[in-house]
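Undergrad: Sharing a structure below in structure tokens format, with a few things to ask.
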Amino acid sequence: MNFNYVCSECSQTYDIRPELMVCPACADHQEKDQPLRGVLEVELSGKALPDFETFDLLPVDRPFFPPIPVGNTPLWEPRNLRTELGFDNLYIKDDGSNPTSSFKDRASFLVSAFAAQHYINEIVLASTGNAGSSMAGVGAAAGQKITLFLPKTAPKAKLIQALQYGATVYRVDGTYDDAFDLSMAYSRRFGGMSRNTAYNPMTIEGKKTVSLEVYQQLGGKVPDWVFLSTGDGCILSGVYKGFRDLFSLGIADKVPTIVSVQAEGSDALFRASQTGKFERLPTQSIADSICVDVPRNGFHALHQLQTYQGQVITVSDDDILTAQARLSASSGLFTEPAGATAFAGFVSMIDRLPSKDCIVILATGNGLKDTPTAGQGVSVSENVITSIDDI
Ligand SMILES: *Cc1c(COP(=O)(O)O)cnc(C)c1O
């Protein structure tokens with residue numbers, strides 16, 4: 001298999017090298033408060049068979065990957081939900097079962113391997129929480145130094161997780177967007193490889209592995225629909241990338257319809273899909289992992305949605321809390337609010353979906369990552385009991 005970079009905007013191709021993060025020509029037109037210009041995609045060419053191994057479709061050689069079991073997450077067949085909702089071919093991909101309990105491990109795993117291949121021992125990033133704790137955990141397995149910029153509002157569990165893994169954490173008095181700017185300034189001054197989402201092309205490329213797994217877990221089939229939640233839009237592009245790779249290799253016969261679900265209070269991609277423009281507005285949602293003012297991968301994500309007739313919809317925080325508790329109680333899968341957002345989007349569209357279609361919902365993070373928010377979706381009794389007669 002051969003790999004190179006191709007600019008998602010101008011189609012210029014480049015050799016893969018660690019200093020190159022975005023297309024220099026397009027990055028010249030970068031405007032403030034706008035998504036990244038010149039996001040690079042990995043392009044692959046060669047031959048593969050339907051029983052391919054995921055590692056063979058990735059642009060870093062296998063020995064460089066850290067010793068931590070990322071990916072190969074289970075694809076659930078939620079029996080009760082299938083019956084309740086009337087969808088016999090409903091599946092949930094449980095990416096909260098990754099080593100650091102979120103989907104972000106897929107990106108961290110490839111970035112770590114890429115850095116190792118180029119003898120770079122420090123990785124720097126900004127995160128709303130999951131990318132940081134993920135990179136910290138994967139970096140711990142690899143023996144790499146991880147420097148993380150985290151907004152002070154990040155859920156406590158994610159901060160503690162990153163510290164447990166031994167990352168250097170700078171808590172930022174500001175938003176994720178402020179943390180992003182600080183992390184870029186740090187890499188410029190002190191070096192290290194940036195793992196900022198969308199900026200490092202390996203983030204999108206690593207996330208494609210979920211599609212390769214889903215294809216194989218379904219017995220060599222592309223689902224009709226994939227529901228996922230969107231903040232920066234990298235999971236969105238990663239999922240497309242995986243199916244597009246399979247299609248271009250002649251393995252898959254189509255690309256699924258992807259539905260990107262955003263929180264009403266953080267809906268930059270949704271608004272751009274209506275107006276054609278990204279506008280920076282302050283964001284607020286209980287789904288902290290998808291709360292971003294400027295979706296870093298916005299241009300690329302929007303372009304993919306338009307090319308493949310994907311959809312972007314929004315749900316309210318109340319919908320998310322309801323969906324989270326329903327998913328937990330009906331299936332046994334407890335996912336964090338940003339994970340439940342995808343399920344909430346599916347529920348909101350049920351009337352418009354053919355009930356025989358094959359539908360995959362990505363549950364992107366474990367519910368234990370943010371229990372204070374999940375607590376709002378259940379009632380915790382103030383009464384404590386001492387005897388069975390108190391019941
Ligand atoms: C990061 C994240 C998302 C959204 O991914 P983007 O690439 O930012 O769109 C969704 N769910 C969880 C749990 C996440 O951590």
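Ligands are numbered from 1 in the order shown, residues from 1 within each chain, and chains are lettered A, B, ... in the order they appear in the structure tokens.
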Could you please write out, as a VMD selection string, every residue of range 300-365 of chain A that DSSP assigns to helix (DSSP H, G or I)?
TA: chain A and resid 300 to 307 317 to 331 337 to 352
Undergrad: Using only C-alpha atoms and all ligand atoms, determine which residues fall within 7 Å of ligand 1, then list them as a list in words.
TA: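 Residues lying within 7 Å of ligand 1: Ser102, Phe103, Lys104, Asn130, Ala131, Ser229, Thr230, Gly231, Asp232, Gly233, Cys234, Ile235, Leu236, Ser289, Ile290, Glu336, Ala338, Gly339, Thr364 and Gly365 of chain A.
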Undergrad: What is the distance between CA of Phe64 in chain A and CA of Gly250 in chain A, in Å to one decimal?
TA: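 So the answer is 28.0 Å.
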Undergrad: Give the answer as one residue: which of A:Pro69, A:Gly166, A:Pro78, A:Gly143 has the shortest atom-to-atom distance to Pro99 in chain A, using only C-alpha atoms?
TA: A:Pro69
Undergrad: My list of candidates is A:Ala287, A:Val259, A:Leu281, A:Leu36. Which is closest to Tyr308 in chain A when distances are computed with only C-alpha atoms?
TA: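 Ranking A:Ala287, A:Val259, A:Leu281, A:Leu36 by distance to Tyr308 in chain A, first place goes to A:Val259.
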Undergrad: Can you work out which one of A:Phe65, A:Phe52, A:Tyr215, A:Tyr170 has the shortest atom-to-atom distance to Ser183 in chain A, counting only C-alpha atoms?
TA: A:Tyr170
Undergrad: Counting only C-alpha atoms, figure out which residue out of A:Leu81, A:Ser108, A:Leu150, A:Phe247 gets nearest to Val347 in chain A.
TA: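 The shortest atom-to-atom distance to Val347 in chain A comes from A:Leu81.
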Undergrad: Between A:Leu75, A:Leu327, A:Met135, A:Leu148, which has the minimum distance to Gly219 in chain A (counting only C-alpha atoms)?
TA: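 Residue with the minimum atom-to-atom distance to Gly219 in chain A: A:Leu75.
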